[in-house]
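*Asks:* Before I ask anything, let me first share the structure, which is written out below as structure tokens.
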Amino acid sequence: MAELNFELYNNQLIQKLVGAADANLRLIEKMLNVEILNFGNEITIKGNKQDIDYAKTALMLLYDKASKNINIGEEEVKAAIRMSGGTTNETEAHNLNEIVLKTKKRYIYPRSATQAKYIEAMMKNELVFGLGPAGTGKTYLAVALAVSMMLEGTIDKIILSRPAVEAGENLGFLPGDLKEKVDPYLRPLYDALYEMLPAETVDKKLSLGEIEIAPLAFMRGRTLANAFVILDEAQNTTPMQMKMFLTRLGENSRMVVNGDLSQIDLPRGVISGLKDALGILKNVAGVSSVEFSSKDVVRHGLVAKIVQAYENRYKELQKKENE
């Protein structure tokens, strides 16, 4: 068993870091299989070397958050552990930990190293593919960056889209006009916006066309300039739909295409446009892809276990298809 000793120098921050009755330390111990002792300013971590390194990095990230007056609770602790486990060293973890998106209603921080790398990719590239299961924050963070860039004046318009694929339901039998039929499929996009901007601001920008939420079919024939364009549930596009969407990109715009290749609702035998595009564009400059896994799920702990079970099953099926 290895052991690591180090000191922290601000007693007030240490109190925030350890939590009531050392609850935060106990959670790190449980999740990383280490033992943590604190005597005044001195911290001792015992365990195997890799787990000790993760635990120390997590503690330093939390100490940094406490210095910024961020409340350190269970979710922050879990986020710090995910961040430490997804980086190669403490310096990289600290750099990713500095990423923050500012919206009208809240500051939004990445909750895992993959989330931080995803935000970095969206900032640096004109086209980014976000791949992986639900609950990993792909759409939420893309909307957050879009809102942040709009508030900064970097872009003039946010366009959010999804293919209106029927996941076991038939649109024709739903009541109402086309908008009323399609809106339920776009609800997650509305929800994200209302979490980041006051309701009256969202409603005003929707009425002015500065924020547009529309089915993928409505993108045909347009050139989208000075815009942040997000395509959600992209695994349910056909190759022709995907090509149509990607070629809408105009000057001073960027696109984010999100999807989960294990959740394709297309008819049997129809190739996913997302899978097709990833193969075609893998070596194109200005295009980046970020892959999330069950380790990045930031919902209820059981959701991560469910996602992992489905991931394992999906990999088994893929292996059989390739044999």
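Letters for chains follow the order of the structure tokens (A, B, ...), residue numbers begin at 1 for each chain, and ligand numbers begin at 1 in the order shown.
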Find the residues near range 131-134 of chain A: any atom within 9 Å, counting only C-alpha atoms, skip ones fewer than 5 places away on the same chain, and give them as a VMD selection string.

*Replies:* chain A and resid 257 to 263 289 to 294 296 to 297 307 311

*Asks:* Would you list the contacts of Ser84 in chain A as an MDAnalysis selection string, taking every protein, DNA or RNA residue within 9 Å and counting only C-alpha atoms, but skipping same-chain residues closer than 3 positions in sequence?

*Replies:* chainID A and resid 53:58 61 79:81 87:90 93 112:113

*Asks:* Based on DSSP run over this structure's backbone, return all residues of range 95-287 of chain A in alpha helix (DSSP H), as a count of residues only.

*Replies:* 75

*Asks:* My list of candidates is A:Gln15, A:Thr154, A:Asn95, A:Asn226. Which is closest to Met255 in chain A when distances are computed with only C-alpha atoms?

*Replies:* A:Asn226

*Asks:* Quote the spacing between CA of Tyr118 in chain A and CA of Ala164 in chain A in Å to one decimal place.

*Replies:*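 Value for the CA of Tyr118 in chain A-CA of Ala164 in chain A distance: 25.4 Å.
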
*Asks:* To test your reading of the structure, identify every residue in range 216-259 of chain A that backbone DSSP assigns to strand (DSSP E or B), and report it as a list of chain:residue names.

*Replies:*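 DSSP on the backbone gives strand (DSSP E or B) at A:Leu224, A:Ala227, A:Phe228, A:Val229, A:Ile230, A:Leu231, A:Leu249, A:Arg254, A:Met255, A:Val256, A:Val257, A:Asn258, A:Gly259.
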
*Asks:* Excluding range 142-150 of chain A and residues on its chain fewer than 5 positions from it, collect all residues at most 9 Å away from it, counting only C-alpha atoms, and give them as a list of chain:residue names.

*Replies:*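 Within the cut-off, the hits are A:Leu101, A:Lys102, A:Thr103, A:Lys104, A:Ile108, A:Tyr118, A:Ile119, A:Met122, A:Met123, A:Gly137, A:Ile155, A:Asp156, A:Lys157, A:Ile158, A:Leu160, A:Leu189, A:Ala192, A:Leu193, A:Met196, A:Leu197, A:Ala227, A:Phe228, A:Val229, A:Ile230, A:Val256.
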
*Asks:* Fewer than 5 positions away in the same chain doesn't count, so skip those; otherwise give me all residues within 10 Å of Asp64 in chain A, counting only C-alpha atoms, as a VMD selection string.

*Replies:* chain A and resid 13 17 58 to 59 69 to 70 94 97 to 98

*Asks:* Rounded to one decimal place, report the CA of Leu281 in chain A-CA of Lys124 in chain A distance in Å.

*Replies:* 16.8 Å

*Asks:* Can you measure CA of Met31 in chain A to CA of Gln115 in chain A for me? One decimal in Å is fine.

*Replies:*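 Computing the Euclidean distance for CA of Met31 in chain A and CA of Gln115 in chain A yields 19.8 Å.
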